[in-house]
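Engineer: One structure coming up, written as structure tokens, with questions to follow.
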Protein chains: 4
Amino acid sequence: MIVILKRDPDREQLESLIAWLQEKGIIIHTSIGEQNTVLGLVGDTSALDVDLIAALDIVEDVKRVQEPYKNANRKFHPEDTVVKVGNTQIGGGALTIMAGPCSVESEEQVVAIAKAVKASGATMLRGGAFKPRTSPYAFQGLGAVGLEYLKVARQETGLPIVTELMDLSQLPLFKDVDVIQIGARNMQNFDLLRAVGCQDKPVMIKRGMSATYEEWLMSAEYVMAGGNENVILCERGIRTFEHYTRNTLDMAAIPVLRKLTHLPIIVDPSHATGKSWLVAPLAQAAVAAGADGLLIEVHNDPAHALCDGPQSLRPEAFDPLAKKLLRLHQVMRELEG
Amino acid sequence: MIVILKRDPDREQLESLIAWLQEKGIIIHTSIGEQNTVLGLVGDTSALDVDLIAALDIVEDVKRVQEPYKNANRKFHPEDTVVKVGNTQIGGGALTIMAGPCSVESEEQVVAIAKAVKASGATMLRGGAFKPRTSPYAFQGLGAVGLEYLKVARQETGLPIVTELMDLSQLPLFKDVDVIQIGARNMQNFDLLRAVGCQDKPVMIKRGMSATYEEWLMSAEYVMAGGNENVILCERGIRTFEHYTRNTLDMAAIPVLRKLTHLPIIVDPSHATGKSWLVAPLAQAAVAAGADGLLIEVHNDPAHALCDGPQSLRPEAFDPLAKKLLRLHQVMRELEG
Amino acid sequence: MIVILKRDPDREQLESLIAWLQEKGIIIHTSIGEQNTVLGLVGDTSALDVDLIAALDIVEDVKRVQEPYKNANRKFHPEDTVVKVGNTQIGGGALTIMAGPCSVESEEQVVAIAKAVKASGATMLRGGAFKPRTSPYAFQGLGAVGLEYLKVARQETGLPIVTELMDLSQLPLFKDVDVIQIGARNMQNFDLLRAVGCQDKPVMIKRGMSATYEEWLMSAEYVMAGGNENVILCERGIRTFEHYTRNTLDMAAIPVLRKLTHLPIIVDPSHATGKSWLVAPLAQAAVAAGADGLLIEVHNDPAHALCDGPQSLRPEAFDPLAKKLLRLHQVMRELEG
Amino acid sequence: MIVILKRDPDREQLESLIAWLQEKGIIIHTSIGEQNTVLGLVGDTSALDVDLIAALDIVEDVKRVQEPYKNANRKFHPEDTVVKVGNTQIGGGALTIMAGPCSVESEEQVVAIAKAVKASGATMLRGGAFKPRTSPYAFQGLGAVGLEYLKVARQETGLPIVTELMDLSQLPLFKDVDVIQIGARNMQNFDLLRAVGCQDKPVMIKRGMSATYEEWLMSAEYVMAGGNENVILCERGIRTFEHYTRNTLDMAAIPVLRKLTHLPIIVDPSHATGKSWLVAPLAQAAVAAGADGLLIEVHNDPAHALCDGPQSLRPEAFDPLAKKLLRLHQVMRELEG
């Protein structure tokens with residue numbers, strides 16, 4: 001950590017700061033410049049509160065040198081994390097395709113879609129039982145019943161299921177789910193993160209609409225700090241000034257996270273853009289950029305989907321896309337050599 | 001609601017759409033233009049799903065004419081809502097000043113600050129017992145004990161207390177709190193919103209970091225749909241590209257919300273900027289723009305605050321500011337005539 | 001165009017508005033709803049000023065149905081535009097690779113790089129002679145001399161050259177350039193756009209850092225309105241809250257523009273991210289998403305580049321990337337098959 | 001400047017970097033930490049290129065300690081700059097009110113408005129002769145003739161005039177203007193900035209829609225580096241995700257710039273929001289936050305304004321607002337004591 005002092009800092013306050021830091025085992029290197037004096041703090045600075053030091057009268061600015069996350073940090077864990085889910089895995093070179101309806105509507109619907117997407121090459125079934133909806137008057141999902149339908153679909157197809165947990169009071173219902181999804185709006189619901197960190201199912205954390213990479217990784221850190229190392233990150237678009245698409249899919253997140261963390265990275269082109277005709281080109285781009293997998297909405301009748309209709313593909317459109325993505329993934333691996 | 005059709009829409013699909021709408025009691029006005037045919041839907045369109053219609057093959061775009069919120073909408077409720085809290089009120093012409101520490105640290109601390117801010121003119125005490133922190137390794141608040149200290153401070157000063165609820169499991173602890181605060185990161189925690197809508201304490205909803213006015217009002221709508229009409233909105237800055245300040249305080253939110261809703265509007269200049277030297281000018285601006293009140297962090301020793309230090313004022317700095325704000329509020333009322 | 005009236009509009013003002021519109025040859029369809037009356041305007045509404053109508057006392061909102069750009073609009077020009085440049089072309093199925101140094105530094109440098117990138121598969125040479133620099137104290141480019149060096153490199157390699165025009169006073173110097181680049185900071189320098197619209201060299205318009213798709217296409221419209229149809233669009237990242245990368249590359253721009261316009265689309269992953277290690281994954285993604293080409297910085301000694309060092313690849317790194325991109329482009333075409 | 005090295009940096013490269021820095025007269029303080037080695041560079045680092053150093057293989061990150069602007073920096077010029085314009089001044093305690101039409105339409109119009117705004121308390125006349133318009137098909141201003149009408153209005157009222165320069169080729173026409181305005185879209189048109197830096201009229205620089213404070217101050221630095229010290233900064237809103245208002249007025253810019261620079265600060269609430277009913281509350285807020293002045297659009301018939309109609313006030317609405325602002329400014333000065 002680097003502490004930039006104001007010009008002519010009060011000597012007494014400076015000595016008191018130095019003493020306080022030394023007490024905490026920090027070694028201090030002082031550089032006296034023409035404009036400013038700079039303190040370089042060496043040692044375990046992760047316990048120091050940047051804001052606290054920045055608030056001191058004699059301090060102009062504080063700059064962190066180390067990342068604030070540890071468990072999620074590739075520097076301390078160089079090998080890729082591979083998350084095992086049922087008979088499949090996320091990360092480690094395979095391409096995971098999670099497909100299914102935004103919202104579970106009936107047993108027939110979800111079983112039919114599950115069969116279709118499995119035949120096309122999907123490796124996991126996604127579907128929402130509890131749905132976060134902007135309006136209190138909109139359909140909020142089937143709840144516990146929806147989870148049951150997902151399990152039926154799993155039994156019929158063998159596809160592991162991933163579904164969203166909205167509140168920690170619902171956690172007991174998720175005992176038999178394969179991957180717990182934390183939605184973008186809950187990315188900083190810290191009580192929820194702590195709760196899923198204290199159980200052992202894999203957790204997929206969607207990026208908050210205005211979350212930086214660091215904040216996102218800190219949310220992963222919450223889960224990992226509780227002992228659950230099976231965390232998956234899902235880029236789903238960030239909020240920008242451009243409103244033609246619902247959000248702006250941040251493709252750079254894939255290689256950036258690859259560098260910063262060892263956790264697997266999934267991309268959701270359906271929610272990111274809110275338009276089904278953008279799903280294919282962006283899914284292809286994600287594979288070419290090195291994503292570990294995709295989360296794609298598939299609905300057997302998008303025009304009658306109870307929610308998020310515009311971003312769903314029909315099974316007939318998903319089939320050639322899934323095949324193309326798998327072929328592209330293979331080509332990319334060959335090109336990497 | 002206005003539905004813009006693609007050129008040469010499939011006739012059968014169009015007839016099916018029209019029949020479906022008419023079934024729902026919607027009257028349709030058709031305008032055939034050179035480029036596009038436009039359907040004007042008249043009737044109660046609030047039950048129609050914009051996304052669902054937009055997903056149809058024959059539809060190019062759908063534009064809503066009416067706001068999706070009702071209870072929070074000034075159009076249906078022209079008079080200002082005044083929220084009564086203890087012996088004070090929020091809205092209705094008075095200037096509410098909520099002041100206190102970001103985080104409750106000890107009984108002595110919170111009682112001392114409560115006495116100081118009351119003497120300076122504050123009308124409510126704010127303080128966090130449960131703290132949302134980006135890092136799992138940071139101080140997370142005193143929890144239930146912190147709530148007790150706040151109540152002691154209330155008893156000593158008579159100031160009603162406002163404090164943040166982070167998870168619905170904590171709700172029983174909040175029975176004796178005066179105003180429940182929903183934090184920015186929980187603005188779209190819909191289960192939490194529903195829960196506070198089913199109890200009768202006033203609820204102050206902070207704007208999410210990337211929430212539009214409409215999304216914010218929809219969160220108020222969640223609470224109001226449950227029967228709780230005592231909702232207060234708190235602007236605390238939005239996330240933009242400018243990172244010199246922590247967030248960008250959106251001053252236009254005050255007059256915009258005044259037009260769109262009847263709910264009272266509070267401004268938090270402390271969290272918005274993250275710098276204590278910006279609190280005074282922005283608090284003054286908020287009063288001049290017509291805010292119903294302010295939420296200001298005050299700490300008796302900012303350099304040792306356990307969290308959010310840089311944005312806290314000392315009581316000595318808060319005192320002249322509070323007096324200035326009250327005087328400014330009076331002048332503004334005189335100038336409004 | 002759709003005009004939503006306020007409730008109970010003043011009858012006289014309404015009649016006056018209707019008369020004024022009819023005078024302009026507009027046909028009006030009126031829908032009287034429960035909340036609002038809506039006017040549907042049919043005819044050539046492109047000459048109507050949305051802001052002007054929105055300013056009327058009786059009007060609540062105005063929504064446009066048609067895009068404000070015509071020449072750039074795919075609706076009126078369904079076939080892809082193919083821009084011919086020297087013995088190569090941009091658009092029409094080929095993959096254009098524009099490569100070269102951010103800044104021209106010497107004849108030796110630019111000739112050496114030109115030879116290297118040509119050998120690797122680049123089809124055009126890029127290089128800056130006039131450089132927009134944030135600081136007045138930074139190197140501003142070699143100017144006219146830099147253009148001469150670029151021409152030497154073209155003569156030696158046969159690669160057409162693309163270089164940035166910063167001010168219309170420099171236009172005479174660009175007579176012998178192959179493609180004129182308009183930089184992101186000048187995307188709404190309307191005098192400059194008009195000037196390059198009145199000459200016949202192809203123009204590549206970089207997206208402004210905070211430009212919407214529509215604003216970007218309106219800038220293309222400026223050039224095309226002057227008679228120059230050879231316009232190329234270049235996505236180079238938009239400004240968002242995420243500052244780990246310099247900008248956020250908006251990959252969705254590729255398929256969105258493909259739908260909205262017939263103009264070719266180039267992607268610049270170097271400037272977008274500002275980090276050379278992000279160039280390869282994002283360039284691959286752009287090809288997989290269907291871009292017509294790439295603009296890639298290559299420098300023979302990035303550590304001594306006079307500007308924009310961090311985002312430049314060395315020729316040794318560019319060579320396998322260019323080959324990979326060309327192979328990927330071929331695979332994508334086969335997969336589209 | 002602080003250079004953070006990667007772990008185990010190549011020794012030879014490190015020695016070469018240190019030698020290169022020492023050659024430039026930089027003194028280096030080295031801090032060896034557990035994770036990283038940090039170099040503190042002392043001396044005149046303003047000539048060093050951050051990007052260049054950051055591009056080195058051994059470097060992880062570079063952080064600047066000093067601001068890159070000098071002439072505009074309050075640290076080196078503690079007293080407020082006061083810009084003298086005709087018989088009035090900008091900065092130095094007075095409240096400047098620049099008022100007038102967005103676009104000059106006729107001599108009668110601009111003279112009538114000038115007389116009206118003068119009577120209400122305005123101290124300068126603003127009006128556009130050259131207009132930057134997003135569409136090539138929109139009215140582009142009266143040009144040179146418009147400037148003549150402004151001069152007539154100045155002669156009739158004595159109000160100095162401020163008007164926008166769009167291209168340096170128009171500069172000779174601006175010889176007799178009082179303040180040259182550089183528009184938001186040209187904030188980084190560096191050739192234009194250089195040109196107005198080499199003449200002696202005061203220059204008002206509007207903030208670019210996505211410009212940081214630092215970039216804005218660097219644009220002021222361009223003008224000042226040319227020898228022109230009479231620079232005024234005008235906040236006019238930044239582009240964010242919130243589209244209810246045209247832009248988001250950044251009120252914190254006032255106190256932030258007050259700290260960073262000695263230049264006067266003007267606020268434009270008309271363009272920032274694009275809605276005339278938001279002008280009054282935001283203008284009041286700007287005065288309460290300490291702005292040196294306001295730029296307000298006034299039109300005698302907003303419904304027929306040729307551009308930017310929705311954000312214009314009528315003289316009847318401007319009159320009480322101007323009086324209120326002047327009174328509020330006086331009260332604020334009294335409250336400051």
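Ordering of the structure tokens sets the chain letters (A, B, ...), residue numbers begin anew at 1 in every chain, and ligands are numbered from 1 in the order given.
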Write down as a ChimeraX atom specification the residues belonging to segment 72-274 of chain C that are assigned alpha helix (DSSP H) by DSSP computed on the backbone.

Structural biologist: /C:107-120,144-157,190-197,213-225,253-260,269-273

Engineer: Pick out the chain A residues within 9 Å of chain C. Count only C-alpha atoms. Give them as a PyMOL selection string.

Structural biologist: chain A and resi 210-213+238-245+248-252+254-256+273+277-278+280-290+324+327-328+331-332+335-336

Engineer: Store the residues picked out above, limited to N, CA and C atoms, as a CSV table (one decimal), in the first residue's frame.

Structural biologist:
chain,number,residue,atom,x,y,z
A,210,SER,N,-23.6,-3.1,-12.3
A,210,SER,CA,-22.6,-2.0,-12.2
A,210,SER,C,-21.5,-2.4,-11.3
A,211,ALA,N,-21.2,-3.7,-11.4
A,211,ALA,CA,-20.1,-4.2,-10.5
A,211,ALA,C,-18.7,-4.2,-11.3
A,212,THR,N,-17.7,-3.7,-10.7
A,212,THR,CA,-16.4,-3.8,-11.2
A,212,THR,C,-15.9,-5.2,-11.1
A,213,TYR,N,-14.8,-5.6,-11.8
A,213,TYR,CA,-14.2,-6.9,-11.7
A,213,TYR,C,-13.9,-7.2,-10.2
A,238,ILE,N,-23.1,-5.3,-18.5
A,238,ILE,CA,-23.1,-4.2,-17.5
A,238,ILE,C,-24.0,-3.1,-18.1
A,239,ARG,N,-24.4,-2.2,-17.1
A,239,ARG,CA,-25.2,-1.1,-17.5
A,239,ARG,C,-24.4,0.1,-18.0
A,240,THR,N,-24.7,0.5,-19.2
A,240,THR,CA,-24.0,1.7,-19.8
A,240,THR,C,-25.0,2.6,-20.3
A,241,PHE,N,-24.5,3.7,-21.0
A,241,PHE,CA,-25.4,4.7,-21.6
A,241,PHE,C,-26.1,4.1,-22.8
A,242,GLU,N,-25.6,3.0,-23.4
A,242,GLU,CA,-26.2,2.5,-24.6
A,242,GLU,C,-27.4,1.6,-24.3
A,243,HIS,N,-28.6,2.1,-24.7
A,243,HIS,CA,-29.8,1.4,-24.3
A,243,HIS,C,-30.5,0.6,-25.5
A,244,TYR,N,-29.8,0.5,-26.6
A,244,TYR,CA,-30.4,-0.3,-27.7
A,244,TYR,C,-30.4,-1.7,-27.3
A,245,THR,N,-29.4,-2.2,-26.7
A,245,THR,CA,-29.4,-3.5,-26.0
A,245,THR,C,-29.7,-3.3,-24.5
A,248,THR,N,-24.7,-4.0,-21.8
A,248,THR,CA,-23.5,-4.1,-22.7
A,248,THR,C,-22.7,-5.3,-22.3
A,249,LEU,N,-22.7,-6.3,-23.1
A,249,LEU,CA,-21.9,-7.5,-22.7
A,249,LEU,C,-20.4,-7.1,-22.7
A,250,ASP,N,-19.7,-7.4,-21.6
A,250,ASP,CA,-18.3,-7.0,-21.5
A,250,ASP,C,-17.4,-8.2,-21.9
A,251,MET,N,-17.1,-8.3,-23.1
A,251,MET,CA,-16.3,-9.5,-23.6
A,251,MET,C,-14.9,-9.6,-23.0
A,252,ALA,N,-14.4,-8.4,-22.7
A,252,ALA,CA,-13.0,-8.4,-22.1
A,252,ALA,C,-13.0,-9.0,-20.7
A,254,ILE,N,-13.8,-11.9,-20.0
A,254,ILE,CA,-13.3,-13.3,-20.1
A,254,ILE,C,-11.7,-13.3,-19.9
A,255,PRO,N,-11.0,-12.7,-20.8
A,255,PRO,CA,-9.5,-12.7,-20.6
A,255,PRO,C,-9.0,-12.0,-19.3
A,256,VAL,N,-9.7,-11.0,-18.9
A,256,VAL,CA,-9.3,-10.3,-17.7
A,256,VAL,C,-9.5,-11.2,-16.5
A,273,THR,N,-28.2,-8.9,-23.7
A,273,THR,CA,-28.7,-8.1,-24.8
A,273,THR,C,-30.2,-7.9,-24.8
A,277,TRP,N,-31.9,-12.3,-31.4
A,277,TRP,CA,-31.0,-12.4,-32.6
A,277,TRP,C,-29.6,-12.0,-32.3
A,278,LEU,N,-29.3,-11.5,-31.1
A,278,LEU,CA,-27.9,-11.2,-30.8
A,278,LEU,C,-27.2,-12.4,-30.1
A,280,ALA,N,-26.6,-15.6,-30.9
A,280,ALA,CA,-25.7,-16.4,-31.7
A,280,ALA,C,-24.3,-15.7,-31.9
A,281,PRO,N,-24.3,-14.5,-32.4
A,281,PRO,CA,-23.0,-13.8,-32.6
A,281,PRO,C,-22.2,-13.6,-31.3
A,282,LEU,N,-22.9,-13.3,-30.3
A,282,LEU,CA,-22.2,-13.0,-29.0
A,282,LEU,C,-21.7,-14.3,-28.3
A,283,ALA,N,-22.5,-15.4,-28.5
A,283,ALA,CA,-22.1,-16.7,-28.0
A,283,ALA,C,-20.8,-17.2,-28.7
A,284,GLN,N,-20.8,-17.0,-30.0
A,284,GLN,CA,-19.6,-17.3,-30.8
A,284,GLN,C,-18.4,-16.5,-30.3
A,285,ALA,N,-18.6,-15.2,-30.1
A,285,ALA,CA,-17.5,-14.4,-29.7
A,285,ALA,C,-17.0,-14.8,-28.4
A,286,ALA,N,-17.9,-15.2,-27.5
A,286,ALA,CA,-17.5,-15.7,-26.1
A,286,ALA,C,-16.6,-16.9,-26.2
A,287,VAL,N,-17.0,-17.8,-27.1
A,287,VAL,CA,-16.2,-19.0,-27.2
A,287,VAL,C,-14.8,-18.7,-27.8
A,288,ALA,N,-14.8,-17.8,-28.8
A,288,ALA,CA,-13.5,-17.4,-29.4
A,288,ALA,C,-12.6,-16.6,-28.4
A,289,ALA,N,-13.2,-16.0,-27.5
A,289,ALA,CA,-12.5,-15.2,-26.5
A,289,ALA,C,-12.0,-16.1,-25.3
A,290,GLY,N,-12.5,-17.4,-25.3
A,290,GLY,CA,-12.0,-18.3,-24.3
A,290,GLY,C,-12.8,-18.6,-23.1
A,324,LYS,N,-22.6,-25.4,-33.7
A,324,LYS,CA,-21.6,-24.5,-34.2
A,324,LYS,C,-20.6,-24.1,-33.0
A,327,ARG,N,-18.2,-26.9,-32.3
A,327,ARG,CA,-17.2,-27.1,-33.4
A,327,ARG,C,-16.2,-25.9,-33.2
A,328,LEU,N,-16.7,-24.7,-33.0
A,328,LEU,CA,-15.8,-23.5,-32.8
A,328,LEU,C,-14.9,-23.7,-31.7
A,331,VAL,N,-12.2,-26.0,-32.8
A,331,VAL,CA,-11.2,-25.3,-33.6
A,331,VAL,C,-10.3,-24.4,-32.8
A,332,MET,N,-10.9,-23.7,-31.9
A,332,MET,CA,-10.1,-22.8,-31.0
A,332,MET,C,-9.0,-23.5,-30.3
A,335,LEU,N,-6.3,-24.3,-32.7
A,335,LEU,CA,-5.5,-23.1,-33.1
A,335,LEU,C,-4.6,-22.7,-31.9
A,336,GLU,N,-5.1,-22.9,-30.7
A,336,GLU,CA,-4.2,-22.7,-29.5
A,336,GLU,C,-3.0,-23.6,-29.6

Engineer: Write out as number ranges by chain all residues of segment 35-254 of chain A that DSSP puts in strand (DSSP E or B) for this structure's backbone.

Structural biologist: A: 37-42, 59-63, 73, 83-85, 88-90, 96-100, 103, 124-126, 128, 161-164, 179-182, 203-206, 231-235, 238, 248, 250

Engineer: With only C-alpha atoms as the atoms that count, which of D:Pro202, D:Pro101, D:Pro132, D:Gly143 lies nearest to Val117 of chain D?

Structural biologist: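 Result for the nearest residue to Val117 of chain D: D:Pro101.
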
Engineer: Just want the 9 Å neighbourhood of segment 5-18 of chain A, counted on only C-alpha atoms, with same-chain residues fewer than 3 positions away dropped. Output as a ChimeraX atom specification.

Structural biologist: /A:21-23,28,35-39,53,56-62

Engineer: Let me see the file: selected residues, N, CA and C atoms, as a short mmCIF file (atom, residue, chain, number, x, y, z; two decimals), in the first residue's frame.

Structural biologist:
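Final output, again-v9.cif:
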data_model
loop_
_atom_site.label_atom_id
_atom_site.label_comp_id
_atom_site.auth_asym_id
_atom_site.auth_seq_id
_atom_site.Cartn_x
_atom_site.Cartn_y
_atom_site.Cartn_z
N LEU A 21 1.25 2.27 12.44
CA LEU A 21 1.50 1.26 11.40
C LEU A 21 2.56 0.26 11.87
N GLN A 22 3.59 0.77 12.51
CA GLN A 22 4.67 -0.14 12.96
C GLN A 22 4.15 -1.13 14.00
N GLU A 23 3.24 -0.63 14.83
CA GLU A 23 2.60 -1.49 15.82
C GLU A 23 1.91 -2.69 15.16
N ILE A 28 7.87 0.58 6.90
CA ILE A 28 7.57 1.78 6.13
C ILE A 28 8.81 2.29 5.40
N GLN A 35 7.25 17.43 -4.55
CA GLN A 35 5.87 17.82 -4.30
C GLN A 35 5.31 17.11 -3.06
N ASN A 36 5.59 15.84 -2.94
CA ASN A 36 4.93 15.07 -1.91
C ASN A 36 5.89 14.08 -1.27
N THR A 37 5.57 13.71 -0.05
CA THR A 37 6.26 12.60 0.57
C THR A 37 5.36 11.38 0.43
N VAL A 38 5.99 10.27 0.10
CA VAL A 38 5.22 9.05 -0.13
C VAL A 38 5.72 7.97 0.82
N LEU A 39 4.77 7.30 1.48
CA LEU A 39 5.13 6.18 2.34
C LEU A 39 4.79 4.87 1.63
N ILE A 53 -7.24 5.32 6.55
CA ILE A 53 -5.99 6.07 6.39
C ILE A 53 -6.23 7.29 5.51
N LEU A 56 -7.31 10.62 7.15
CA LEU A 56 -6.43 11.42 8.01
C LEU A 56 -6.12 12.77 7.37
N ASP A 57 -6.01 13.77 8.19
CA ASP A 57 -5.77 15.12 7.70
C ASP A 57 -4.48 15.25 6.89
N ILE A 58 -3.48 14.47 7.24
CA ILE A 58 -2.17 14.63 6.60
C ILE A 58 -2.05 13.82 5.29
N VAL A 59 -3.09 13.04 4.99
CA VAL A 59 -3.00 12.14 3.83
C VAL A 59 -3.72 12.72 2.61
N GLU A 60 -3.03 12.70 1.47
CA GLU A 60 -3.68 13.17 0.24
C GLU A 60 -4.36 12.01 -0.49
N ASP A 61 -3.71 10.89 -0.53
CA ASP A 61 -4.30 9.77 -1.28
C ASP A 61 -3.64 8.47 -0.82
N VAL A 62 -4.36 7.38 -1.00
CA VAL A 62 -3.82 6.06 -0.68
C VAL A 62 -4.02 5.18 -1.91
#

Engineer: Can you tell me which residues surround segment 84-93 of chain B at a distance of at most 8 Å, considering only C-alpha atoms, apart from same-chain residues fewer than 4 positions away, and format the answer as a PyMOL selection string?

Structural biologist: chain B and resi 80+123+160+178-179+202+263-265+292-293

Engineer: So which residues touch segment 163-173 of chain A within 7 Å, counting only C-alpha atoms, skipping near sequence neighbours fewer than 2 positions away, as a ChimeraX atom specification?

Structural biologist: /A:126-128,130,144,161,175,179-183,192,195 /B:191

Engineer: Could you take the residues named above and write them with all heavy atoms, as a short mmCIF file (atom, residue, chain, number, x, y, z; two decimals), in the first residue's frame?

Structural biologist:
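Contents of out-v2.cif, as written:
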data_model
loop_
_atom_site.label_atom_id
_atom_site.label_comp_id
_atom_site.auth_asym_id
_atom_site.auth_seq_id
_atom_site.Cartn_x
_atom_site.Cartn_y
_atom_site.Cartn_z
N ARG A 126 -30.72 -25.09 -17.36
CA ARG A 126 -30.99 -23.93 -16.52
C ARG A 126 -32.48 -23.64 -16.58
O ARG A 126 -33.15 -23.98 -17.57
CB ARG A 126 -30.18 -22.71 -16.96
CG ARG A 126 -30.32 -22.17 -18.36
CD ARG A 126 -31.51 -21.34 -18.71
NE ARG A 126 -31.88 -20.35 -17.75
CZ ARG A 126 -31.54 -19.08 -17.81
NH1 ARG A 126 -30.84 -18.67 -18.84
NH2 ARG A 126 -31.96 -18.26 -16.90
N GLY A 127 -33.00 -23.01 -15.52
CA GLY A 127 -34.42 -22.68 -15.50
C GLY A 127 -34.73 -22.00 -14.19
O GLY A 127 -34.18 -22.36 -13.15
N GLY A 128 -35.58 -20.99 -14.22
CA GLY A 128 -35.86 -20.22 -13.02
C GLY A 128 -37.15 -20.65 -12.35
O GLY A 128 -38.20 -20.73 -12.99
N PHE A 130 -37.68 -19.38 -8.87
CA PHE A 130 -37.90 -18.09 -8.18
C PHE A 130 -37.35 -17.02 -9.12
O PHE A 130 -36.20 -17.07 -9.51
CB PHE A 130 -37.14 -18.08 -6.85
CG PHE A 130 -37.64 -19.10 -5.87
CD1 PHE A 130 -37.09 -20.38 -5.82
CD2 PHE A 130 -38.68 -18.79 -5.00
CE1 PHE A 130 -37.57 -21.34 -4.93
CE2 PHE A 130 -39.16 -19.75 -4.10
CZ PHE A 130 -38.60 -21.03 -4.07
N ALA A 144 -41.28 -23.34 -5.31
CA ALA A 144 -40.89 -24.72 -4.96
C ALA A 144 -41.37 -25.72 -6.02
O ALA A 144 -40.66 -26.68 -6.35
CB ALA A 144 -41.45 -25.08 -3.59
N ILE A 161 -28.88 -29.52 -12.93
CA ILE A 161 -29.67 -28.29 -13.01
C ILE A 161 -29.02 -27.13 -12.27
O ILE A 161 -28.41 -27.28 -11.22
CB ILE A 161 -31.12 -28.49 -12.51
CG1 ILE A 161 -31.16 -29.11 -11.11
CG2 ILE A 161 -31.89 -29.36 -13.50
CD1 ILE A 161 -32.57 -29.43 -10.61
N LYS A 175 -31.49 -28.01 -1.62
CA LYS A 175 -30.61 -29.12 -1.24
C LYS A 175 -30.31 -30.05 -2.42
O LYS A 175 -29.25 -30.63 -2.50
CB LYS A 175 -31.29 -29.95 -0.12
CG LYS A 175 -31.18 -29.32 1.24
CD LYS A 175 -30.35 -30.18 2.19
CE LYS A 175 -30.01 -29.43 3.46
NZ LYS A 175 -31.17 -29.36 4.38
N VAL A 179 -26.31 -26.70 -9.15
CA VAL A 179 -25.56 -25.45 -9.03
C VAL A 179 -26.53 -24.35 -8.61
O VAL A 179 -27.60 -24.21 -9.20
CB VAL A 179 -24.88 -25.06 -10.37
CG1 VAL A 179 -24.23 -23.68 -10.27
CG2 VAL A 179 -23.83 -26.09 -10.77
N ILE A 180 -26.15 -23.60 -7.58
CA ILE A 180 -26.98 -22.49 -7.11
C ILE A 180 -26.53 -21.22 -7.81
O ILE A 180 -25.35 -20.88 -7.80
CB ILE A 180 -26.83 -22.31 -5.58
CG1 ILE A 180 -27.37 -23.55 -4.85
CG2 ILE A 180 -27.54 -21.04 -5.11
CD1 ILE A 180 -27.14 -23.51 -3.35
N GLN A 181 -27.48 -20.55 -8.42
CA GLN A 181 -27.15 -19.30 -9.11
C GLN A 181 -27.50 -18.11 -8.21
O GLN A 181 -28.57 -18.05 -7.62
CB GLN A 181 -27.95 -19.22 -10.41
CG GLN A 181 -27.72 -17.95 -11.20
CD GLN A 181 -28.51 -17.94 -12.49
OE1 GLN A 181 -28.50 -18.90 -13.25
NE2 GLN A 181 -29.23 -16.86 -12.75
N ILE A 182 -26.56 -17.17 -8.11
CA ILE A 182 -26.83 -15.90 -7.43
C ILE A 182 -27.01 -14.86 -8.52
O ILE A 182 -26.12 -14.66 -9.36
CB ILE A 182 -25.65 -15.50 -6.50
CG1 ILE A 182 -25.39 -16.59 -5.45
CG2 ILE A 182 -25.88 -14.14 -5.86
CD1 ILE A 182 -26.53 -16.81 -4.47
N GLY A 183 -28.16 -14.21 -8.55
CA GLY A 183 -28.48 -13.28 -9.63
C GLY A 183 -27.71 -11.97 -9.54
O GLY A 183 -27.15 -11.63 -8.49
N LEU A 192 -26.66 -13.41 1.82
CA LEU A 192 -26.91 -14.53 0.92
C LEU A 192 -25.60 -15.20 0.51
O LEU A 192 -25.48 -16.43 0.49
CB LEU A 192 -27.68 -14.02 -0.31
CG LEU A 192 -28.27 -15.05 -1.26
CD1 LEU A 192 -29.27 -15.95 -0.56
CD2 LEU A 192 -28.94 -14.35 -2.44
N ALA A 195 -24.29 -17.25 3.26
CA ALA A 195 -25.07 -18.47 3.43
C ALA A 195 -24.66 -19.54 2.43
O ALA A 195 -24.50 -20.71 2.78
CB ALA A 195 -26.57 -18.16 3.30
N ASP B 191 -37.47 -9.99 -2.33
CA ASP B 191 -38.04 -10.66 -1.16
C ASP B 191 -38.00 -9.72 0.05
O ASP B 191 -38.92 -9.68 0.86
CB ASP B 191 -37.27 -11.96 -0.87
CG ASP B 191 -37.57 -13.04 -1.90
OD1 ASP B 191 -38.71 -13.53 -1.89
OD2 ASP B 191 -36.70 -13.36 -2.71
#
